[in-house]
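Heads up, final_4.cif below (mmCIF, C-alpha atoms):
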data_model
loop_
_atom_site.label_atom_id
_atom_site.label_comp_id
_atom_site.auth_asym_id
_atom_site.auth_seq_id
_atom_site.Cartn_x
_atom_site.Cartn_y
_atom_site.Cartn_z
CA MET A 1 6.80 -31.25 -20.89
CA ARG A 2 3.52 -33.13 -20.77
CA LEU A 3 1.53 -32.47 -17.60
CA ASP A 4 -0.76 -34.99 -15.97
CA ASP A 5 -3.46 -34.41 -13.34
CA ARG A 6 -0.99 -34.65 -10.46
CA ASP A 7 1.36 -32.10 -12.04
CA ILE A 8 -1.59 -29.74 -12.50
CA ALA A 9 -2.63 -30.35 -8.88
CA ILE A 10 0.89 -29.46 -7.70
CA LEU A 11 0.83 -26.22 -9.70
CA CYS A 12 -2.65 -25.32 -8.39
CA ILE A 13 -1.69 -25.97 -4.79
CA LEU A 14 1.60 -24.08 -5.01
CA SER A 15 0.01 -21.07 -6.70
CA THR A 16 -1.96 -20.39 -3.52
CA GLU A 17 0.05 -22.27 -0.86
CA GLY A 18 3.70 -21.79 -1.73
CA ARG A 19 4.91 -22.77 1.74
CA ILE A 20 3.12 -26.10 1.91
CA THR A 21 5.30 -28.87 3.31
CA LYS A 22 6.48 -31.72 1.12
CA THR A 23 4.46 -34.16 3.21
CA ALA A 24 1.26 -32.11 2.99
CA LEU A 25 1.72 -31.62 -0.75
CA ALA A 26 2.24 -35.35 -1.22
CA GLU A 27 -0.91 -36.13 0.76
CA ARG A 28 -2.96 -33.63 -1.23
CA ILE A 29 -1.95 -35.16 -4.58
CA GLY A 30 -2.14 -38.77 -3.43
CA LEU A 31 1.55 -39.68 -3.55
CA SER A 32 4.25 -40.43 -1.03
CA PRO A 33 6.69 -37.58 -0.29
CA THR A 34 9.59 -38.76 -2.47
CA PRO A 35 7.67 -39.08 -5.78
CA ALA A 36 5.84 -35.83 -5.02
CA TRP A 37 9.15 -34.06 -4.40
CA GLU A 38 10.61 -35.51 -7.62
CA ARG A 39 7.62 -34.19 -9.59
CA LEU A 40 8.03 -30.77 -7.98
CA LYS A 41 11.73 -30.67 -8.87
CA LYS A 42 10.93 -31.62 -12.51
CA LEU A 43 8.35 -28.81 -12.70
CA GLU A 44 10.93 -26.37 -11.34
CA GLN A 45 13.66 -27.61 -13.70
CA ALA A 46 11.30 -27.31 -16.67
CA GLY A 47 10.76 -23.64 -15.76
CA LEU A 48 7.06 -24.08 -15.02
CA ILE A 49 7.54 -22.72 -11.51
CA GLU A 50 9.23 -19.35 -11.77
CA GLY A 51 9.53 -18.64 -8.06
CA TYR A 52 7.92 -18.57 -4.64
CA ARG A 53 6.65 -15.34 -3.14
CA ALA A 54 4.92 -14.08 -0.04
CA GLU A 55 1.81 -11.92 -0.25
CA ILE A 56 2.58 -8.95 1.94
CA ALA A 57 -0.17 -7.09 3.82
CA LEU A 58 1.30 -3.73 2.86
CA LYS A 59 -1.56 -1.80 4.49
CA LYS A 60 -0.36 -3.13 7.86
CA ILE A 61 3.16 -1.86 7.21
CA ALA A 62 2.77 1.61 5.72
CA PRO A 63 0.24 3.92 4.09
CA HIS A 64 0.31 3.50 0.35
CA VAL A 65 -1.63 3.88 -2.87
CA THR A 66 -1.73 1.44 -5.78
CA VAL A 67 -2.15 2.98 -9.20
CA PHE A 68 -2.56 1.38 -12.60
CA VAL A 69 -1.22 3.46 -15.45
CA ALA A 70 -2.12 2.89 -19.09
CA ALA A 71 0.83 4.25 -21.03
CA GLU A 72 1.29 5.21 -24.65
CA LEU A 73 4.71 5.76 -26.15
CA ALA A 74 5.60 8.60 -28.48
CA ASP A 75 7.39 6.33 -30.92
CA HIS A 76 6.41 2.80 -31.92
CA THR A 77 9.72 1.28 -32.93
CA GLY A 78 11.62 -1.65 -31.49
CA PRO A 79 14.35 0.53 -29.99
CA SER A 80 11.72 2.78 -28.35
CA PHE A 81 9.93 -0.18 -26.76
CA ARG A 82 13.22 -1.66 -25.53
CA ALA A 83 14.35 1.70 -24.11
CA PHE A 84 11.06 2.19 -22.27
CA GLU A 85 11.16 -1.34 -20.85
CA ALA A 86 14.75 -0.89 -19.68
CA ALA A 87 13.85 2.45 -18.06
CA VAL A 88 10.83 1.01 -16.24
CA MET A 89 13.09 -1.58 -14.60
CA ARG A 90 14.94 1.25 -12.82
CA TYR A 91 11.83 2.48 -10.96
CA ASP A 92 11.21 0.42 -7.83
CA GLU A 93 7.71 1.88 -7.51
CA VAL A 94 6.73 0.15 -10.76
CA VAL A 95 5.96 -3.27 -9.28
CA ALA A 96 4.58 -4.76 -12.52
CA CYS A 97 4.45 -3.77 -16.17
CA TRP A 98 2.81 -5.50 -19.12
CA ALA A 99 3.15 -4.79 -22.84
CA LEU A 100 -0.33 -4.63 -24.39
CA GLY A 101 -1.86 -5.18 -27.77
CA GLY A 102 -4.62 -2.74 -28.65
CA GLY A 103 -5.04 0.90 -27.71
CA PHE A 104 -2.30 1.39 -25.12
CA ASP A 105 1.27 0.19 -25.24
CA TYR A 106 1.79 -0.72 -21.57
CA LEU A 107 -0.06 -1.21 -18.32
CA MET A 108 2.00 -0.43 -15.23
CA GLN A 109 1.16 -1.19 -11.62
CA ILE A 110 2.71 1.40 -9.35
CA VAL A 111 2.83 1.53 -5.55
CA THR A 112 3.77 4.76 -3.78
CA ARG A 113 3.25 6.29 -0.36
CA ASP A 114 0.56 8.67 -1.60
CA ILE A 115 -0.79 10.41 -4.70
CA ASP A 116 1.77 13.19 -4.39
CA ALA A 117 4.60 10.65 -4.52
CA TYR A 118 2.92 9.00 -7.51
CA GLN A 119 2.76 12.33 -9.36
CA ARG A 120 6.42 13.05 -8.58
CA LEU A 121 7.29 9.64 -10.04
CA ILE A 122 5.33 10.34 -13.25
CA ASP A 123 6.94 13.77 -13.50
CA ALA A 124 10.37 12.14 -13.14
CA MET A 125 9.52 9.65 -15.87
CA LEU A 126 8.43 12.44 -18.16
CA ASP A 127 11.56 14.48 -17.36
CA ALA A 128 13.73 11.40 -18.01
CA ARG A 129 12.35 11.24 -21.55
CA ILE A 130 11.83 7.49 -21.50
CA GLY A 131 9.40 7.73 -24.40
CA LEU A 132 6.17 8.25 -22.47
CA ALA A 133 3.80 10.33 -24.60
CA ARG A 134 0.49 9.94 -22.75
CA TYR A 135 -0.61 8.20 -19.60
CA PHE A 136 -3.91 7.50 -17.91
CA THR A 137 -4.10 7.05 -14.15
CA TYR A 138 -6.43 4.58 -12.43
CA ILE A 139 -6.28 4.66 -8.63
CA VAL A 140 -7.15 1.45 -6.82
CA THR A 141 -9.81 2.16 -4.20
CA LYS A 142 -9.96 -1.40 -2.85
CA PRO A 143 -8.68 -4.81 -3.84
CA VAL A 144 -11.45 -7.15 -4.91
CA LYS A 145 -9.69 -10.27 -6.20
CA GLY A 146 -6.11 -11.24 -6.74
CA GLY A 147 -3.48 -13.87 -6.23
CA GLY A 148 -5.67 -16.77 -7.20
CA ALA A 149 -4.60 -19.91 -8.97
CA PRO A 150 -4.60 -19.79 -12.77
CA PRO A 151 -7.67 -21.47 -14.31
CA PHE A 152 -5.79 -24.60 -15.39
CA GLU A 153 -8.96 -26.44 -16.38
CA VAL A 154 -9.95 -23.62 -18.74
CA LEU A 155 -6.44 -23.16 -20.14
CA LEU A 156 -5.86 -26.85 -20.74
CA GLY A 157 -9.40 -27.60 -21.91
CA SER A 158 -10.04 -30.27 -19.31
#
Just dump the structure as C-alpha coordinates.
Amino acid sequence: MRLDDRDIAILCILSTEGRITKTALAERIGLSPTPAWERLKKLEQAGLIEGYRAEIALKKIAPHVTVFVAAELADHTGPSFRAFEAAVMRYDEVVACWALGGGFDYLMQIVTRDIDAYQRLIDAMLDARIGLARYFTYIVTKPVKGGGAPPFEVLLGS
(Lines of atoms letter the chains of each structure in order from A and count residues from 1; the text may use other names and numbers.)
(Lines give C-alpha, C1' and ligand atoms only; values in the text may rest on other atoms or scores of the structure.)
Protein backbone atom coordinates (compact mmCIF):
# COMPACT_ATOMS: atom_id res chain seq x y z
CA MET A 1 0.00 0.00 0.00
CA ARG A 2 1.35 3.40 -0.96
CA LEU A 3 0.92 6.00 1.78
CA ASP A 4 0.40 9.69 1.14
CA ASP A 5 0.75 12.61 3.56
CA ARG A 6 -2.82 12.24 4.83
CA ASP A 7 -2.36 8.52 5.53
CA ILE A 8 0.83 9.31 7.46
CA ALA A 9 -1.03 12.05 9.35
CA ILE A 10 -3.76 9.57 10.31
CA LEU A 11 -1.17 7.09 11.60
CA CYS A 12 0.67 9.82 13.56
CA ILE A 13 -2.51 11.09 15.16
CA LEU A 14 -3.82 7.64 16.06
CA SER A 15 -0.49 6.55 17.55
CA THR A 16 -0.94 9.13 20.31
CA GLU A 17 -4.70 9.81 20.23
CA GLY A 18 -6.38 6.48 19.59
CA ARG A 19 -9.78 7.67 20.81
CA ILE A 20 -10.02 10.71 18.57
CA THR A 21 -13.45 11.12 17.01
CA LYS A 22 -13.97 10.64 13.29
CA THR A 23 -14.91 14.30 12.96
CA ALA A 24 -11.85 15.54 14.83
CA LEU A 25 -9.58 13.23 12.83
CA ALA A 26 -11.10 14.47 9.58
CA GLU A 27 -10.58 18.10 10.62
CA ARG A 28 -6.97 17.45 11.59
CA ILE A 29 -6.11 15.92 8.20
CA GLY A 30 -8.15 18.37 6.14
CA LEU A 31 -10.87 16.04 4.88
CA SER A 32 -14.57 15.59 5.50
CA PRO A 33 -15.53 12.73 7.85
CA THR A 34 -16.54 10.16 5.21
CA PRO A 35 -13.28 10.20 3.17
CA ALA A 36 -11.26 10.30 6.39
CA TRP A 37 -13.16 7.27 7.71
CA GLU A 38 -12.65 5.42 4.41
CA ARG A 39 -8.89 6.07 4.61
CA LEU A 40 -8.83 4.82 8.19
CA LYS A 41 -10.68 1.64 7.24
CA LYS A 42 -8.22 1.02 4.36
CA LEU A 43 -5.27 1.44 6.75
CA GLU A 44 -6.88 -1.04 9.15
CA GLN A 45 -7.68 -3.53 6.38
CA ALA A 46 -4.11 -3.31 5.08
CA GLY A 47 -2.88 -4.30 8.55
CA LEU A 48 -1.07 -1.02 9.16
CA ILE A 49 -3.09 -0.42 12.32
CA GLU A 50 -2.71 -3.45 14.55
CA GLY A 51 -4.99 -2.30 17.35
CA TYR A 52 -6.06 0.43 19.73
CA ARG A 53 -4.89 0.47 23.33
CA ALA A 54 -5.22 2.56 26.45
CA GLU A 55 -2.17 3.68 28.39
CA ILE A 56 -2.89 2.67 31.96
CA ALA A 57 -1.53 4.65 34.92
CA LEU A 58 -0.56 1.46 36.73
CA LYS A 59 1.06 3.37 39.61
CA LYS A 60 -2.41 4.70 40.50
CA ILE A 61 -3.83 1.18 40.63
CA ALA A 62 -1.25 -0.93 42.45
CA PRO A 63 2.37 -0.96 43.56
CA HIS A 64 4.55 -2.53 40.91
CA VAL A 65 8.02 -2.78 39.47
CA THR A 66 8.98 -2.85 35.80
CA VAL A 67 12.04 -4.88 34.93
CA PHE A 68 13.84 -5.36 31.63
CA VAL A 69 15.58 -8.69 31.31
CA ALA A 70 18.27 -9.43 28.73
CA ALA A 71 18.08 -13.17 28.21
CA GLU A 72 20.46 -15.66 26.65
CA LEU A 73 19.36 -19.14 25.70
CA ALA A 74 21.37 -22.28 26.35
CA ASP A 75 20.84 -23.61 22.84
CA HIS A 76 20.72 -21.61 19.62
CA THR A 77 18.57 -23.76 17.38
CA GLY A 78 15.24 -23.05 15.75
CA PRO A 79 13.34 -25.44 18.02
CA SER A 80 14.93 -23.85 21.12
CA PHE A 81 13.93 -20.34 20.04
CA ARG A 82 10.39 -21.47 19.23
CA ALA A 83 10.07 -23.30 22.56
CA PHE A 84 11.27 -20.27 24.51
CA GLU A 85 8.91 -17.94 22.63
CA ALA A 86 5.96 -20.27 23.25
CA ALA A 87 6.85 -20.50 26.95
CA VAL A 88 7.12 -16.73 27.35
CA MET A 89 3.56 -16.36 26.06
CA ARG A 90 2.32 -18.29 29.12
CA TYR A 91 3.69 -15.75 31.63
CA ASP A 92 1.30 -12.83 32.05
CA GLU A 93 3.99 -10.82 33.84
CA VAL A 94 6.02 -10.74 30.61
CA VAL A 95 4.25 -7.81 28.98
CA ALA A 96 6.62 -7.56 25.99
CA CYS A 97 9.42 -9.64 24.52
CA TRP A 98 11.69 -8.94 21.57
CA ALA A 99 14.12 -11.26 19.78
CA LEU A 100 17.47 -9.49 19.39
CA GLY A 101 20.42 -9.65 17.08
CA GLY A 102 23.77 -9.23 18.79
CA GLY A 103 24.89 -10.28 22.25
CA PHE A 104 21.63 -11.34 23.87
CA ASP A 105 18.86 -13.44 22.39
CA TYR A 106 15.82 -11.68 23.90
CA LEU A 107 14.79 -8.57 25.77
CA MET A 108 11.77 -9.04 28.01
CA GLN A 109 9.73 -6.38 29.76
CA ILE A 110 8.28 -7.75 32.97
CA VAL A 111 5.85 -6.14 35.41
CA THR A 112 5.37 -7.61 38.88
CA ARG A 113 4.14 -6.40 42.25
CA ASP A 114 7.66 -6.17 43.68
CA ILE A 115 11.21 -7.46 43.29
CA ASP A 116 10.42 -10.58 45.30
CA ALA A 117 7.62 -11.47 42.88
CA TYR A 118 9.98 -10.81 39.97
CA GLN A 119 12.58 -13.18 41.43
CA ARG A 120 9.94 -15.87 41.99
CA LEU A 121 8.94 -15.50 38.33
CA ILE A 122 12.55 -15.89 37.15
CA ASP A 123 13.00 -18.89 39.44
CA ALA A 124 9.86 -20.45 37.96
CA MET A 125 11.17 -19.86 34.44
CA LEU A 126 14.46 -21.49 35.34
CA ASP A 127 12.68 -24.43 37.01
CA ALA A 128 10.43 -24.81 33.93
CA ARG A 129 13.54 -25.35 31.80
CA ILE A 130 12.37 -23.09 28.99
CA GLY A 131 15.92 -22.76 27.70
CA LEU A 132 17.03 -19.74 29.72
CA ALA A 133 20.78 -20.01 30.32
CA ARG A 134 21.65 -16.52 31.60
CA TYR A 135 19.69 -13.39 32.34
CA PHE A 136 20.53 -9.84 33.27
CA THR A 137 18.08 -7.74 35.28
CA TYR A 138 17.56 -4.01 34.73
CA ILE A 139 15.08 -2.40 37.12
CA VAL A 140 13.23 0.66 35.86
CA THR A 141 13.62 3.48 38.38
CA LYS A 142 11.45 5.97 36.48
CA PRO A 143 9.88 6.26 33.06
CA VAL A 144 11.47 8.96 30.94
CA LYS A 145 9.89 8.60 27.50
CA GLY A 146 7.48 6.19 25.95
CA GLY A 147 4.38 5.78 23.88
CA GLY A 148 5.29 8.38 21.31
CA ALA A 149 4.46 8.32 17.65
CA PRO A 150 6.92 6.50 15.40
CA PRO A 151 9.28 8.88 13.54
CA PHE A 152 7.48 8.54 10.20
CA GLU A 153 9.49 11.33 8.57
CA VAL A 154 12.75 9.57 9.43
CA LEU A 155 11.50 6.11 8.46
CA LEU A 156 10.03 7.23 5.16
CA GLY A 157 12.83 9.67 4.32
CA SER A 158 10.55 12.66 3.94
Got a sec: who's within 9 Å of His64 (chain A), counting all atoms listed in the file, leaving out chain neighbours fewer than 3 positions off, as a ChimeraX atom specification?
/A:58-59,111-115
Counting only C-alpha atoms, figure out which residue out of A:Gly18, A:Pro35, A:Gly147, A:Gly131 gets nearest to Pro79 (chain A).
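Between A:Gly18, A:Pro35, A:Gly147, A:Gly131, the residue approaching Pro79 (chain A) most closely is A:Gly131.
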In Å, rounded to a single decimal, give me how far CA of Leu11 (chain A) is from CA of Phe152 (chain A).
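Computing it gives 8.9 Å between the two atoms.
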What is the CA of Arg19 (chain A) to CA of Met1 (chain A) distance in Å?
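Atom-to-atom, CA of Arg19 (chain A) and CA of Met1 (chain A) are spaced 24.2 Å apart.
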Which polymer residues have any atom within 9 Å of an atom of Val69 (chain A), counting all atoms listed in the file, with same-chain residues fewer than 3 positions away left out, as a ChimeraX atom specification?
/A:106-110,135-139
Hey, what comes out of the PyMOL selection byres ((chain A and resi 140) around 9) on this file? Could you write it as a PDB file with C-alpha atoms, in the frame of the given file?
ATOM      1  CA  VAL A  65      -1.630   3.880  -2.870  1.00  0.00           C
ATOM      2  CA  THR A  66      -1.730   1.440  -5.780  1.00  0.00           C
ATOM      3  CA  VAL A  67      -2.150   2.980  -9.200  1.00  0.00           C
ATOM      4  CA  PHE A  68      -2.560   1.380 -12.600  1.00  0.00           C
ATOM      5  CA  TYR A 138      -6.430   4.580 -12.430  1.00  0.00           C
ATOM      6  CA  ILE A 139      -6.280   4.660  -8.630  1.00  0.00           C
ATOM      7  CA  THR A 141      -9.810   2.160  -4.200  1.00  0.00           C
ATOM      8  CA  LYS A 142      -9.960  -1.400  -2.850  1.00  0.00           C
ATOM      9  CA  PRO A 143      -8.680  -4.810  -3.840  1.00  0.00           C
TER      10      PRO A 143
END
Would you compute the distance between CA of Ala9 (chain A) and CA of Ile29 (chain A)? Give it in Å to one decimal.
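For CA of Ala9 (chain A) relative to CA of Ile29 (chain A), the distance reads 6.5 Å.
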Residues near Phe104 (chain A), anyone? I mean within 12 Å using all atoms listed in the file, not counting same-chain ones fewer than 4 positions away, as an mmCIF file with C-alpha atoms, keeping the file's coordinate frame.
data_model
loop_
_atom_site.group_PDB
_atom_site.id
_atom_site.type_symbol
_atom_site.label_atom_id
_atom_site.label_comp_id
_atom_site.auth_asym_id
_atom_site.auth_seq_id
_atom_site.Cartn_x
_atom_site.Cartn_y
_atom_site.Cartn_z
ATOM 1 C CA VAL A 69 -1.220 3.460 -15.450
ATOM 2 C CA ALA A 70 -2.120 2.890 -19.090
ATOM 3 C CA ALA A 71 0.830 4.250 -21.030
ATOM 4 C CA GLU A 72 1.290 5.210 -24.650
ATOM 5 C CA LEU A 73 4.710 5.760 -26.150
ATOM 6 C CA ALA A 74 5.600 8.600 -28.480
ATOM 7 C CA HIS A 76 6.410 2.800 -31.920
ATOM 8 C CA TRP A 98 2.810 -5.500 -19.120
ATOM 9 C CA ALA A 99 3.150 -4.790 -22.840
ATOM 10 C CA LEU A 100 -0.330 -4.630 -24.390
ATOM 11 C CA MET A 108 2.000 -0.430 -15.230
ATOM 12 C CA LEU A 132 6.170 8.250 -22.470
ATOM 13 C CA ALA A 133 3.800 10.330 -24.600
ATOM 14 C CA ARG A 134 0.490 9.940 -22.750
ATOM 15 C CA TYR A 135 -0.610 8.200 -19.600
ATOM 16 C CA PHE A 136 -3.910 7.500 -17.910
#
What does the PyMOL selection byres ((chain A and resi 36-45) around 9) select in this file, as a list of chain:residue names?
A:Met1, A:Arg6, A:Asp7, A:Ile10, A:Leu11, A:Lys22, A:Thr23, A:Leu25, A:Ala26, A:Glu27, A:Ile29, A:Gly30, A:Leu31, A:Ser32, A:Pro33, A:Thr34, A:Pro35, A:Ala46, A:Gly47, A:Leu48, A:Ile49, A:Glu50, A:Gly51
Keeping only C-alpha atoms, write the selected residues to a file as an mmCIF file, in the coordinates of the input.
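Listing of part-v1.cif after writing:
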data_model
loop_
_atom_site.group_PDB
_atom_site.id
_atom_site.type_symbol
_atom_site.label_atom_id
_atom_site.label_comp_id
_atom_site.auth_asym_id
_atom_site.auth_seq_id
_atom_site.Cartn_x
_atom_site.Cartn_y
_atom_site.Cartn_z
ATOM 1 C CA MET A 1 6.800 -31.250 -20.890
ATOM 2 C CA ARG A 6 -0.990 -34.650 -10.460
ATOM 3 C CA ASP A 7 1.360 -32.100 -12.040
ATOM 4 C CA ILE A 10 0.890 -29.460 -7.700
ATOM 5 C CA LEU A 11 0.830 -26.220 -9.700
ATOM 6 C CA LYS A 22 6.480 -31.720 1.120
ATOM 7 C CA THR A 23 4.460 -34.160 3.210
ATOM 8 C CA LEU A 25 1.720 -31.620 -0.750
ATOM 9 C CA ALA A 26 2.240 -35.350 -1.220
ATOM 10 C CA GLU A 27 -0.910 -36.130 0.760
ATOM 11 C CA ILE A 29 -1.950 -35.160 -4.580
ATOM 12 C CA GLY A 30 -2.140 -38.770 -3.430
ATOM 13 C CA LEU A 31 1.550 -39.680 -3.550
ATOM 14 C CA SER A 32 4.250 -40.430 -1.030
ATOM 15 C CA PRO A 33 6.690 -37.580 -0.290
ATOM 16 C CA THR A 34 9.590 -38.760 -2.470
ATOM 17 C CA PRO A 35 7.670 -39.080 -5.780
ATOM 18 C CA ALA A 46 11.300 -27.310 -16.670
ATOM 19 C CA GLY A 47 10.760 -23.640 -15.760
ATOM 20 C CA LEU A 48 7.060 -24.080 -15.020
ATOM 21 C CA ILE A 49 7.540 -22.720 -11.510
ATOM 22 C CA GLU A 50 9.230 -19.350 -11.770
ATOM 23 C CA GLY A 51 9.530 -18.640 -8.060
#
My list of candidates is A:Ile56, A:Ala62, A:Leu121, A:Cys97. Which is closest to Phe84 (chain A) when distances are computed with all atoms listed in the file?
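Closest to Phe84 (chain A), using all atoms listed in the file: A:Cys97.
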One residue among A:Val95, A:Ile130, A:Ala57, A:Ala149 is nearest to Asp75 (chain A) when using only C-alpha atoms, and that residue is A:Ile130
Nearest to Ala54 (chain A): which of A:Leu14, A:Ala24, A:Ala87, A:Ala96 is it, counting only C-alpha atoms?
A:Leu14
Quick one: of A:Gly101, A:Tyr52, A:Glu93, A:Asp5, who's nearest to Arg120 (chain A), counting all atoms listed in the file?
A:Glu93
With distances taken over only C-alpha atoms, which of A:Arg28, A:Leu155, A:Pro63, A:Gly146 is nearest to Ala117 (chain A)?
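Closest candidate: A:Pro63.
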